[in-house]
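J.: Please find final-v4.cif (mmCIF, C-alpha atoms) on the next line:
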data_final
loop_
_atom_site.group_PDB
_atom_site.id
_atom_site.type_symbol
_atom_site.label_atom_id
_atom_site.label_comp_id
_atom_site.auth_asym_id
_atom_site.auth_seq_id
_atom_site.Cartn_x
_atom_site.Cartn_y
_atom_site.Cartn_z
ATOM 1 C CA MET O 1 29.336 0.158 -22.938
ATOM 2 C CA GLU O 2 25.670 -0.646 -22.356
ATOM 3 C CA PHE O 3 23.455 -3.284 -23.957
ATOM 4 C CA GLY O 4 21.876 -0.982 -26.564
ATOM 5 C CA GLU O 5 25.227 0.165 -27.899
ATOM 6 C CA ASN O 6 26.569 -3.398 -27.960
ATOM 7 C CA LEU O 7 23.482 -4.583 -29.828
ATOM 8 C CA LYS O 8 23.739 -1.843 -32.447
ATOM 9 C CA ARG O 9 27.434 -2.493 -32.994
ATOM 10 C CA ALA O 10 26.922 -6.266 -33.332
ATOM 11 C CA ARG O 11 23.967 -5.781 -35.711
ATOM 12 C CA GLU O 12 25.876 -3.386 -37.936
ATOM 13 C CA GLY O 13 28.856 -5.729 -37.825
ATOM 14 C CA LYS O 14 26.682 -8.461 -39.358
ATOM 15 C CA GLY O 15 25.367 -6.007 -41.969
ATOM 16 C CA LEU O 16 21.765 -6.302 -40.751
ATOM 17 C CA THR O 17 19.163 -3.561 -40.623
ATOM 18 C CA GLN O 18 16.842 -3.166 -37.656
ATOM 19 C CA GLN O 19 13.992 -4.563 -39.762
ATOM 20 C CA THR O 20 15.998 -7.630 -40.829
ATOM 21 C CA LEU O 21 16.968 -8.403 -37.231
ATOM 22 C CA ALA O 22 13.366 -7.868 -36.127
ATOM 23 C CA ASP O 23 12.128 -10.336 -38.766
ATOM 24 C CA LYS O 24 14.593 -12.978 -37.593
ATOM 25 C CA LEU O 25 13.462 -12.524 -33.980
ATOM 26 C CA TYR O 26 9.721 -12.267 -34.839
ATOM 27 C CA VAL O 27 9.431 -8.849 -33.194
ATOM 28 C CA THR O 28 8.724 -5.366 -34.554
ATOM 29 C CA ARG O 29 11.381 -2.985 -35.811
ATOM 30 C CA GLN O 30 10.245 -0.537 -33.110
ATOM 31 C CA ALA O 31 11.161 -3.103 -30.468
ATOM 32 C CA VAL O 32 14.710 -3.383 -31.825
ATOM 33 C CA SER O 33 14.940 0.417 -31.959
ATOM 34 C CA ARG O 34 13.880 0.702 -28.320
ATOM 35 C CA TRP O 35 16.479 -1.880 -27.287
ATOM 36 C CA GLU O 36 19.233 0.021 -29.046
ATOM 37 C CA CYS O 37 18.085 3.345 -27.572
ATOM 38 C CA GLY O 38 18.088 1.814 -24.094
ATOM 39 C CA SER O 39 14.467 2.714 -23.367
ATOM 40 C CA ARG O 40 13.450 -0.972 -23.168
ATOM 41 C CA TYR O 41 15.173 -4.321 -22.738
ATOM 42 C CA PRO O 42 14.400 -7.714 -24.301
ATOM 43 C CA ASP O 43 13.659 -10.639 -22.024
ATOM 44 C CA LEU O 44 16.443 -13.109 -21.303
ATOM 45 C CA LEU O 45 15.345 -15.747 -23.819
ATOM 46 C CA THR O 46 15.131 -13.117 -26.547
ATOM 47 C CA THR O 47 18.590 -11.896 -25.553
ATOM 48 C CA LYS O 48 19.894 -15.444 -26.058
ATOM 49 C CA CYS O 49 18.224 -15.567 -29.502
ATOM 50 C CA ILE O 50 19.777 -12.194 -30.406
ATOM 51 C CA ALA O 51 23.209 -13.548 -29.493
ATOM 52 C CA ASP O 52 22.632 -16.616 -31.701
ATOM 53 C CA VAL O 53 21.428 -14.550 -34.679
ATOM 54 C CA LEU O 54 24.322 -12.084 -34.434
ATOM 55 C CA ASP O 55 26.813 -14.871 -33.703
ATOM 56 C CA VAL O 56 28.077 -13.289 -30.494
ATOM 57 C CA SER O 57 27.985 -14.382 -26.860
ATOM 58 C CA VAL O 58 25.428 -13.105 -24.355
ATOM 59 C CA GLU O 59 28.328 -11.723 -22.334
ATOM 60 C CA ALA O 60 29.503 -9.718 -25.369
ATOM 61 C CA LEU O 61 26.071 -8.143 -25.695
ATOM 62 C CA LEU O 62 25.903 -7.289 -22.027
ATOM 63 C CA SER O 63 29.559 -6.267 -21.704
ATOM 64 C CA ASP O 64 29.712 -3.814 -18.784
ATOM 65 C CA ASP O 65 26.076 -4.646 -17.952
ATOM 66 C CA PRO O 66 26.350 -7.780 -15.747
ATOM 67 C CA MET O 67 23.653 -10.390 -16.319
ATOM 68 C CA THR O 68 22.168 -9.905 -12.847
ATOM 69 C CA ASP O 69 21.980 -6.110 -13.289
ATOM 70 C CA PHE O 70 20.523 -6.561 -16.757
ATOM 71 C CA SER O 71 17.668 -8.715 -15.457
ATOM 72 C CA GLU O 72 16.818 -6.143 -12.779
ATOM 73 C CA LYS O 73 16.342 -3.420 -15.432
ATOM 74 C CA GLN O 74 13.699 -5.388 -17.314
ATOM 75 C CA GLU O 75 9.989 -5.515 -16.603
ATOM 76 C CA VAL O 76 8.929 -7.962 -13.902
ATOM 77 C CA LEU O 77 6.261 -9.562 -16.104
ATOM 78 C CA GLN O 78 7.038 -10.618 -19.654
ATOM 79 C CA ASP O 79 4.269 -13.115 -20.243
ATOM 80 C CA LYS O 80 1.157 -11.745 -21.966
ATOM 81 C CA PHE O 81 -1.292 -13.822 -19.917
ATOM 82 C CA SER O 82 0.336 -12.801 -16.612
ATOM 83 C CA GLU O 83 0.394 -9.172 -17.722
ATOM 84 C CA ARG O 84 -3.351 -9.211 -18.394
ATOM 85 C CA ILE O 85 -4.119 -10.851 -15.035
ATOM 86 C CA VAL O 86 -2.000 -8.361 -13.094
ATOM 87 C CA SER O 87 -3.463 -5.394 -15.015
ATOM 88 C CA ALA O 88 -6.983 -6.671 -14.255
ATOM 89 C CA LEU O 89 -6.155 -7.023 -10.543
ATOM 90 C CA TYR O 90 -4.724 -3.507 -10.430
ATOM 91 C CA ALA O 91 -7.864 -2.214 -12.153
ATOM 92 C CA VAL O 92 -10.013 -3.940 -9.508
ATOM 93 C CA LEU O 93 -7.768 -2.582 -6.755
ATOM 94 C CA PHE O 94 -8.042 0.964 -8.099
ATOM 95 C CA SER O 95 -11.827 0.755 -8.510
ATOM 96 C CA LEU O 96 -12.434 -0.630 -5.014
ATOM 97 C CA SER O 97 -10.091 1.804 -3.266
ATOM 98 C CA ALA O 98 -11.595 4.753 -5.170
ATOM 99 C CA ILE O 99 -15.108 3.674 -4.146
ATOM 100 C CA LYS O 100 -13.919 3.290 -0.534
ATOM 101 C CA THR O 101 -12.490 6.827 -0.620
ATOM 102 C CA VAL O 102 -15.794 8.265 -1.857
ATOM 103 C CA GLN O 103 -17.769 6.161 0.627
ATOM 104 C CA SER O 104 -15.556 7.364 3.508
ATOM 105 C CA LEU O 105 -16.045 10.984 2.441
ATOM 106 C CA ILE O 106 -19.827 10.587 2.264
ATOM 107 C CA SER O 107 -19.941 8.841 5.655
ATOM 108 C CA THR O 108 -17.846 11.621 7.171
ATOM 109 C CA VAL O 109 -20.092 14.359 5.784
ATOM 110 C CA ILE O 110 -23.204 12.582 7.087
ATOM 111 C CA ALA O 111 -21.610 12.068 10.503
ATOM 112 C CA LEU O 112 -20.542 15.711 10.774
ATOM 113 C CA ASN O 113 -24.056 16.900 9.928
ATOM 114 C CA TYR O 114 -25.337 15.170 13.067
ATOM 115 C CA LYS O 115 -22.613 16.655 15.292
ATOM 116 C CA SER O 116 -22.946 20.160 16.604
ATOM 117 C CA THR O 117 -19.930 20.005 18.931
ATOM 118 C CA LEU O 118 -16.361 20.724 17.869
ATOM 119 C CA LEU O 119 -14.161 17.748 17.098
ATOM 120 C CA ASN O 120 -11.344 16.867 19.468
ATOM 121 C CA VAL O 121 -7.968 15.609 18.235
ATOM 122 C CA THR O 122 -8.821 11.912 18.607
ATOM 123 C CA SER O 123 -12.117 12.063 16.741
ATOM 124 C CA ALA O 124 -10.537 14.207 14.024
ATOM 125 C CA ILE O 125 -7.824 11.585 13.455
ATOM 126 C CA GLN O 126 -10.451 8.832 13.377
ATOM 127 C CA ILE O 127 -12.348 10.703 10.677
ATOM 128 C CA ILE O 128 -9.491 12.047 8.550
ATOM 129 C CA ALA O 129 -7.021 9.124 8.683
ATOM 130 C CA PRO O 130 -9.187 6.536 6.845
ATOM 131 C CA ILE O 131 -9.974 9.044 4.067
ATOM 132 C CA LEU O 132 -6.311 9.906 3.557
ATOM 133 C CA LEU O 133 -5.270 6.251 3.648
ATOM 134 C CA TYR O 134 -7.867 5.117 1.105
ATOM 135 C CA CYS O 135 -7.036 8.117 -1.083
ATOM 136 C CA LEU O 136 -3.356 7.130 -0.957
ATOM 137 C CA ILE O 137 -4.022 3.535 -1.988
ATOM 138 C CA ALA O 138 -6.372 4.708 -4.764
ATOM 139 C CA VAL O 139 -3.685 6.980 -6.234
ATOM 140 C CA LEU O 140 -1.022 4.283 -5.854
ATOM 141 C CA SER O 141 -3.115 1.562 -7.479
ATOM 142 C CA GLY O 142 -4.106 3.928 -10.296
ATOM 143 C CA ILE O 143 -0.471 4.688 -11.087
ATOM 144 C CA THR O 144 0.526 1.025 -10.962
ATOM 145 C CA PHE O 145 -2.413 0.084 -13.193
ATOM 146 C CA ILE O 146 -1.078 2.461 -15.856
ATOM 147 C CA LYS O 147 2.433 1.035 -15.411
ATOM 148 C CA SER O 148 1.121 -2.527 -15.698
ATOM 149 C CA VAL O 149 -0.738 -1.708 -18.925
ATOM 150 C CA ARG O 150 2.449 -0.191 -20.337
ATOM 151 C CA ASN O 151 4.428 -3.148 -18.963
ATOM 152 C CA THR O 152 6.928 -0.914 -17.191
ATOM 153 C CA ILE O 153 6.834 -2.403 -13.695
ATOM 154 C CA THR O 154 10.493 -3.123 -12.891
ATOM 155 C CA PRO O 155 11.570 -5.051 -9.754
ATOM 156 C CA LYS O 156 12.238 -1.832 -7.844
ATOM 157 C CA SER O 157 8.911 -0.246 -8.766
ATOM 158 C CA ALA O 158 7.133 -3.467 -7.751
ATOM 159 C CA GLY O 159 8.985 -3.346 -4.444
ATOM 160 C CA ILE O 160 7.931 0.248 -3.837
ATOM 161 C CA ILE O 161 4.304 -0.693 -4.486
ATOM 162 C CA GLY O 162 4.507 -3.572 -1.992
ATOM 163 C CA ILE O 163 6.203 -1.460 0.664
ATOM 164 C CA VAL O 164 3.697 1.399 0.406
ATOM 165 C CA PHE O 165 0.704 -0.946 0.386
ATOM 166 C CA TYR O 166 1.682 -2.870 3.514
ATOM 167 C CA ALA O 167 2.858 0.328 5.205
ATOM 168 C CA TYR O 168 -0.646 1.644 4.550
ATOM 169 C CA TYR O 169 -2.210 -1.364 6.263
ATOM 170 C CA ALA O 170 0.331 -1.252 9.090
ATOM 171 C CA LEU O 171 -0.617 2.366 9.794
ATOM 172 C CA LYS O 172 -4.319 1.679 9.459
ATOM 173 C CA THR O 173 -4.200 -1.351 11.770
ATOM 174 C CA THR O 174 -2.089 0.534 14.308
ATOM 175 C CA LEU O 175 -4.553 3.435 14.415
ATOM 176 C CA ILE O 176 -7.530 1.123 14.840
ATOM 177 C CA MET O 177 -5.914 -0.884 17.638
ATOM 178 C CA ILE O 178 -4.687 2.213 19.472
ATOM 179 C CA PHE O 179 -8.234 3.570 19.554
ATOM 180 C CA CYS O 180 -9.400 0.146 20.759
ATOM 181 C CA LYS O 181 -6.641 0.214 23.411
ATOM 182 C CA SER O 182 -5.208 -3.168 22.344
ATOM 183 C CA ILE O 183 -1.591 -2.227 22.979
ATOM 184 C CA TRP O 184 0.011 -5.681 22.919
ATOM 185 C CA ARG O 185 -1.752 -6.653 19.704
ATOM 186 C CA THR O 186 -0.777 -3.304 18.195
ATOM 187 C CA VAL O 187 2.925 -3.814 18.961
ATOM 188 C CA LEU O 188 2.930 -7.434 17.751
ATOM 189 C CA LEU O 189 1.079 -6.857 14.485
ATOM 190 C CA THR O 190 2.984 -3.677 13.666
ATOM 191 C CA ALA O 191 6.289 -5.519 14.242
ATOM 192 C CA VAL O 192 5.191 -8.342 11.914
ATOM 193 C CA LEU O 193 4.118 -5.915 9.168
ATOM 194 C CA VAL O 194 7.338 -3.906 9.473
ATOM 195 C CA ALA O 195 9.369 -7.136 9.233
ATOM 196 C CA PHE O 196 7.402 -8.114 6.123
ATOM 197 C CA ILE O 197 8.068 -4.697 4.575
ATOM 198 C CA VAL O 198 11.802 -5.205 5.204
ATOM 199 C CA LEU O 199 11.626 -8.602 3.468
ATOM 200 C CA ILE O 200 9.885 -7.044 0.443
ATOM 201 C CA TYR O 201 12.639 -4.439 0.250
ATOM 202 C CA ALA O 202 15.366 -7.094 0.468
ATOM 203 C CA TYR O 203 13.762 -9.214 -2.258
ATOM 204 C CA PHE O 204 12.915 -6.556 -4.836
ATOM 205 C CA PHE O 205 15.793 -4.148 -4.207
ATOM 206 C CA ASN O 206 18.697 -6.368 -3.088
ATOM 207 C CA ASN O 207 18.066 -9.479 -5.213
ATOM 208 C CA LYS O 208 17.549 -11.804 -2.221
ATOM 209 C CA SER O 209 15.987 -14.570 -4.327
ATOM 210 C CA ARG O 210 15.626 -17.046 -1.489
ATOM 211 C CA LEU O 211 12.938 -14.836 0.014
ATOM 212 C CA SER O 212 10.397 -15.510 -2.755
ATOM 213 C CA THR O 213 8.676 -18.307 -0.798
ATOM 214 C CA VAL O 214 8.572 -16.127 2.320
ATOM 215 C CA ILE O 215 7.033 -13.219 0.374
ATOM 216 C CA CYS O 216 4.306 -15.414 -1.128
ATOM 217 C CA SER O 217 3.636 -17.048 2.249
ATOM 218 C CA GLY O 218 3.380 -13.600 3.839
ATOM 219 C CA CYS O 219 0.842 -12.513 1.222
ATOM 220 C CA ILE O 220 -1.289 -15.598 1.882
ATOM 221 C CA ALA O 221 -0.984 -15.117 5.645
ATOM 222 C CA SER O 222 -2.060 -11.475 5.346
ATOM 223 C CA VAL O 223 -5.174 -12.499 3.417
ATOM 224 C CA ILE O 224 -6.059 -15.125 6.034
ATOM 225 C CA TYR O 225 -5.448 -12.698 8.912
ATOM 226 C CA PHE O 226 -7.522 -9.891 7.413
ATOM 227 C CA LEU O 227 -10.253 -12.375 6.513
ATOM 228 C CA ILE O 228 -10.536 -13.633 10.110
ATOM 229 C CA SER O 229 -10.266 -10.118 11.586
ATOM 230 C CA ALA O 230 -12.743 -8.594 9.159
ATOM 231 C CA VAL O 231 -15.331 -11.341 9.621
ATOM 232 C CA SER O 232 -15.145 -11.262 13.418
ATOM 233 C CA ALA O 233 -15.122 -7.461 13.679
ATOM 234 C CA GLY O 234 -17.766 -7.042 10.989
ATOM 235 C CA PHE O 235 -20.077 -9.582 12.629
ATOM 236 C CA ALA O 236 -19.747 -7.909 16.039
ATOM 237 C CA MET O 237 -20.382 -4.415 14.632
ATOM 238 C CA TYR O 238 -23.277 -5.655 12.501
ATOM 239 C CA LYS O 239 -25.005 -7.091 15.561
ATOM 240 C CA MET O 240 -24.665 -3.773 17.352
ATOM 241 C CA SER O 241 -25.552 -1.445 14.509
ATOM 242 C CA GLU O 242 -27.864 -3.715 12.518
ATOM 243 C CA SER O 243 -26.581 -2.048 9.371
ATOM 244 C CA GLY O 244 -25.479 -3.603 6.101
ATOM 245 C CA ILE O 245 -23.010 -0.744 5.549
ATOM 246 C CA VAL O 246 -20.500 -2.438 7.868
ATOM 247 C CA ILE O 247 -20.675 -5.673 5.875
ATOM 248 C CA PHE O 248 -20.345 -3.716 2.637
ATOM 249 C CA SER O 249 -17.212 -1.965 3.930
ATOM 250 C CA THR O 250 -15.712 -5.216 5.231
ATOM 251 C CA VAL O 251 -16.179 -7.015 1.908
ATOM 252 C CA PHE O 252 -14.507 -4.127 0.086
ATOM 253 C CA ASP O 253 -11.501 -4.272 2.413
ATOM 254 C CA LEU O 254 -11.166 -8.010 1.831
ATOM 255 C CA PHE O 255 -11.257 -7.629 -1.941
ATOM 256 C CA ILE O 256 -8.605 -4.907 -1.766
ATOM 257 C CA VAL O 257 -6.257 -7.102 0.298
ATOM 258 C CA PHE O 258 -6.961 -10.165 -1.863
ATOM 259 C CA SER O 259 -6.333 -8.249 -5.103
ATOM 260 C CA PHE O 260 -3.042 -6.812 -3.971
ATOM 261 C CA ALA O 261 -1.796 -10.045 -2.393
ATOM 262 C CA GLY O 262 -2.470 -11.783 -5.720
ATOM 263 C CA VAL O 263 -0.586 -9.086 -7.635
ATOM 264 C CA LEU O 264 2.432 -9.210 -5.309
ATOM 265 C CA CYS O 265 2.568 -13.024 -5.475
ATOM 266 C CA ALA O 266 2.419 -12.958 -9.302
ATOM 267 C CA GLN O 267 5.248 -10.423 -9.498
ATOM 268 C CA THR O 268 7.343 -12.320 -6.960
ATOM 269 C CA ILE O 269 7.004 -15.632 -8.818
ATOM 270 C CA ALA O 270 7.714 -13.999 -12.207
ATOM 271 C CA LEU O 271 10.823 -12.266 -10.873
ATOM 272 C CA GLU O 272 12.069 -15.490 -9.274
ATOM 273 C CA ARG O 273 11.747 -17.344 -12.587
ATOM 274 C CA LYS O 274 13.607 -14.566 -14.387
ATOM 275 C CA ARG O 275 16.458 -14.598 -11.864
ATOM 276 C CA LYS O 276 16.796 -18.381 -12.136
ATOM 277 C CA LEU O 277 16.944 -18.103 -15.919
ATOM 278 C CA CYS O 278 19.524 -15.348 -15.542
ATOM 279 C CA ASN O 279 21.707 -17.607 -13.388
ATOM 280 C CA SER O 280 21.411 -20.447 -15.903
ATOM 281 C CA LEU O 281 22.732 -18.200 -18.703
ATOM 282 C CA ILE O 282 25.763 -16.970 -16.784
#
Just give me the structure of the file as structure tokens.

T.:
Amino acid sequence: MEFGENLKRAREGKGLTQQTLADKLYVTRQAVSRWECGSRYPDLLTTKCIADVLDVSVEALLSDDPMTDFSEKQEVLQDKFSERIVSALYAVLFSLSAIKTVQSLISTVIALNYKSTLLNVTSAIQIIAPILLYCLIAVLSGITFIKSVRNTITPKSAGIIGIVFYAYYALKTTLIMIFCKSIWRTVLLTAVLVAFIVLIYAYFFNNKSRLSTVICSGCIASVIYFLISAVSAGFAMYKMSESGIVIFSTVFDLFIVFSFAGVLCAQTIALERKRKLCNSLI
């Protein structure tokens, strides 16, 4: 029997209506209804309060739903301030990536107007790949912004977001370095990014809580790496082209990486706190 059914049975056993229980917990009746329907779950502290009000144990409420599984079904963020910060960062991420997509399309159209020769395979990949990659991250960040506003980002959905985002940068970096013929750097950086993606999967999907520090450290390291790479590459290209467009593009890339690294760190820390609280209630 799942949590919602256990809650309804315990509430009716105490002779309480949904509204009465909601008043005792300082939540809305709709919230109690959603819990009983199984469409949403209360946070762990609220679950403990429910058990106290209904005079049952937390284990009785969870029943066949183990505490660890129960915590993984809830939203990653359950603090209003954190939710607003993460939603704002996703909004920034969506806006910047959408602008980058449009800017890449415009640059491509302008470049093609000056070329009368047919494109070969290499130049076609160089033109199309960045557009597709920025379009992908724009769609992804737009979807996650909506999920963050609705507060429906579960651990697994957060993990998917992290995996896709760093896979995007792994592919982008690999393409750039292949065209620059930096094979050893390509292999090394791709291996590091793939390893980081595996760690994200293990943390968000397999409940490997000890990896939280590694995930946050990886996010910080990625920001530092992209900052150094972007500044050095942008400065070199600016000297050659004498164009502010390169600097504009570089700054946008940095803000995109910074925004997502901040979001992933916030979700990792929030999930770690929830799992520790879960263990303390067992």

J.: So that I can see what lies close to stretch 83-85 of chain O, please list as an mmCIF file with C-alpha atoms, in the coordinates of the input the residues with an atom at most 12 Å from it, counting only C-alpha atoms and leaving out residues fewer than 5 positions away in the same chain.

T.:
data_model
loop_
_atom_site.group_PDB
_atom_site.id
_atom_site.type_symbol
_atom_site.label_atom_id
_atom_site.label_comp_id
_atom_site.auth_asym_id
_atom_site.auth_seq_id
_atom_site.Cartn_x
_atom_site.Cartn_y
_atom_site.Cartn_z
ATOM 1 C CA GLU O 75 9.989 -5.515 -16.603
ATOM 2 C CA VAL O 76 8.929 -7.962 -13.902
ATOM 3 C CA LEU O 77 6.261 -9.562 -16.104
ATOM 4 C CA GLN O 78 7.038 -10.618 -19.654
ATOM 5 C CA TYR O 90 -4.724 -3.507 -10.430
ATOM 6 C CA ALA O 91 -7.864 -2.214 -12.153
ATOM 7 C CA VAL O 92 -10.013 -3.940 -9.508
ATOM 8 C CA PHE O 145 -2.413 0.084 -13.193
ATOM 9 C CA ILE O 146 -1.078 2.461 -15.856
ATOM 10 C CA LYS O 147 2.433 1.035 -15.411
ATOM 11 C CA SER O 148 1.121 -2.527 -15.698
ATOM 12 C CA VAL O 149 -0.738 -1.708 -18.925
ATOM 13 C CA ARG O 150 2.449 -0.191 -20.337
ATOM 14 C CA ASN O 151 4.428 -3.148 -18.963
ATOM 15 C CA THR O 152 6.928 -0.914 -17.191
ATOM 16 C CA ILE O 153 6.834 -2.403 -13.695
ATOM 17 C CA SER O 259 -6.333 -8.249 -5.103
ATOM 18 C CA PHE O 260 -3.042 -6.812 -3.971
ATOM 19 C CA GLY O 262 -2.470 -11.783 -5.720
ATOM 20 C CA VAL O 263 -0.586 -9.086 -7.635
ATOM 21 C CA LEU O 264 2.432 -9.210 -5.309
ATOM 22 C CA CYS O 265 2.568 -13.024 -5.475
ATOM 23 C CA ALA O 266 2.419 -12.958 -9.302
ATOM 24 C CA GLN O 267 5.248 -10.423 -9.498
ATOM 25 C CA ALA O 270 7.714 -13.999 -12.207
#

J.: From the set O:Phe165, O:Phe252, O:Phe94, O:Trp35, which residue has the shortest atom-to-atom contact distance to O:Leu227, counting only C-alpha atoms?

T.: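 Ranked by minimum distance to O:Leu227, first place goes to O:Phe252.
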
J.: What's around O:Ser222 at 9 Å? Count only C-alpha atoms, leave out sequence neighbours fewer than 4 positions away in its own chain, and write the answer as a PyMOL selection string.

T.: chain O and resi 217-218+226-227+257-258+261

J.: Suppose you want the space between atom CA of O:Ile197 and atom CA of O:Tyr168; what is it in Å?

T.: 10.8 Å

J.: Name the residues in contact with O:Gly4 at a cut-off of 8 Å, using only C-alpha atoms, excluding same-chain residues fewer than 5 positions from it; report them as JSON, numbers by chain.

T.: {"O": [35, 36, 37, 38]}

J.: Quick one: apply the PyMOL selection byres ((chain O and resi 200) around 7) to the file and drop the selected residues here as a list in words.

T.: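 So the PyMOL selection byres ((chain O and resi 200) around 7), applied here, picks out Gly159, Gly162, Ile163, Phe196, Ile197, Val198, Leu199, Tyr201, Ala202, Tyr203, Phe204 and Ile215 of chain O.
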
J.: Tell me which residues the PyMOL selection byres ((chain O and resi 6-9) around 8) grabs here, as a list in words.

T.: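 Going through the file, the PyMOL selection byres ((chain O and resi 6-9) around 8) ends up selecting Met1, Glu2, Phe3, Gly4, Glu5, Ala10, Arg11, Glu12, Gly13, Trp35, Glu36, Ala60, Leu61, Leu62 and Ser63 of chain O.
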
J.: Rounded to one decimal in Å, what is the spacing between atom CA of O:Ser229 and atom CA of O:Ile143?

T.: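 Those two atoms sit 28.8 Å apart.
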
J.: Which distance in Å separates atom CA of O:Thr154 and atom CA of O:Ser57, to one decimal?

T.: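 Between these atoms lies a distance of 25.1 Å.
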
J.: Pull out every residue that the PyMOL selection byres ((chain O and resi 137) around 12) matches in the shown coordinates and put them as a tab-separated table (two decimals) with C-alpha atoms, in the frame of the given file.

T.:
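Okay, this is what ended up in selection.tsv:
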chain	number	residue	atom	x	y	z
O	90	TYR	CA	-4.72	-3.51	-10.43
O	93	LEU	CA	-7.77	-2.58	-6.76
O	94	PHE	CA	-8.04	0.96	-8.10
O	95	SER	CA	-11.83	0.76	-8.51
O	96	LEU	CA	-12.43	-0.63	-5.01
O	97	SER	CA	-10.09	1.80	-3.27
O	98	ALA	CA	-11.60	4.75	-5.17
O	99	ILE	CA	-15.11	3.67	-4.15
O	100	LYS	CA	-13.92	3.29	-0.53
O	101	THR	CA	-12.49	6.83	-0.62
O	130	PRO	CA	-9.19	6.54	6.84
O	131	ILE	CA	-9.97	9.04	4.07
O	132	LEU	CA	-6.31	9.91	3.56
O	133	LEU	CA	-5.27	6.25	3.65
O	134	TYR	CA	-7.87	5.12	1.10
O	135	CYS	CA	-7.04	8.12	-1.08
O	136	LEU	CA	-3.36	7.13	-0.96
O	138	ALA	CA	-6.37	4.71	-4.76
O	139	VAL	CA	-3.68	6.98	-6.23
O	140	LEU	CA	-1.02	4.28	-5.85
O	141	SER	CA	-3.12	1.56	-7.48
O	142	GLY	CA	-4.11	3.93	-10.30
O	143	ILE	CA	-0.47	4.69	-11.09
O	144	THR	CA	0.53	1.02	-10.96
O	145	PHE	CA	-2.41	0.08	-13.19
O	161	ILE	CA	4.30	-0.69	-4.49
O	162	GLY	CA	4.51	-3.57	-1.99
O	163	ILE	CA	6.20	-1.46	0.66
O	164	VAL	CA	3.70	1.40	0.41
O	165	PHE	CA	0.70	-0.95	0.39
O	166	TYR	CA	1.68	-2.87	3.51
O	167	ALA	CA	2.86	0.33	5.20
O	168	TYR	CA	-0.65	1.64	4.55
O	169	TYR	CA	-2.21	-1.36	6.26
O	172	LYS	CA	-4.32	1.68	9.46
O	253	ASP	CA	-11.50	-4.27	2.41
O	256	ILE	CA	-8.60	-4.91	-1.77
O	257	VAL	CA	-6.26	-7.10	0.30
O	260	PHE	CA	-3.04	-6.81	-3.97

J.: Find, counting only C-alpha atoms, the residue in O:Arg275, O:Ser87, O:Ala221, O:Thr173 that gets nearest to O:Asp43.

T.: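 Looking only at the distances to O:Asp43, the closest residue turns out to be O:Arg275.
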
J.: Could the centre and edge lengths of an axis-aligned box, enclosing all atoms of stretch 13-28 of chain O in the file with 5 Å extra on each side, be given in Å to one decimal as JSON?

T.:
{"center_x": 18.8, "center_y": -8.1, "center_z": -37.6, "size_x": 30.1, "size_y": 19.8, "size_z": 18.8}

J.: Can you list, as a ChimeraX atom specification, every protein, DNA or RNA residue that comes within 10 Å of O:Ser209 when you count only C-alpha atoms, leaving out same-chain residues fewer than 2 positions away?

T.: /O:202-204,206-207,211-213,268,271-273,275-276
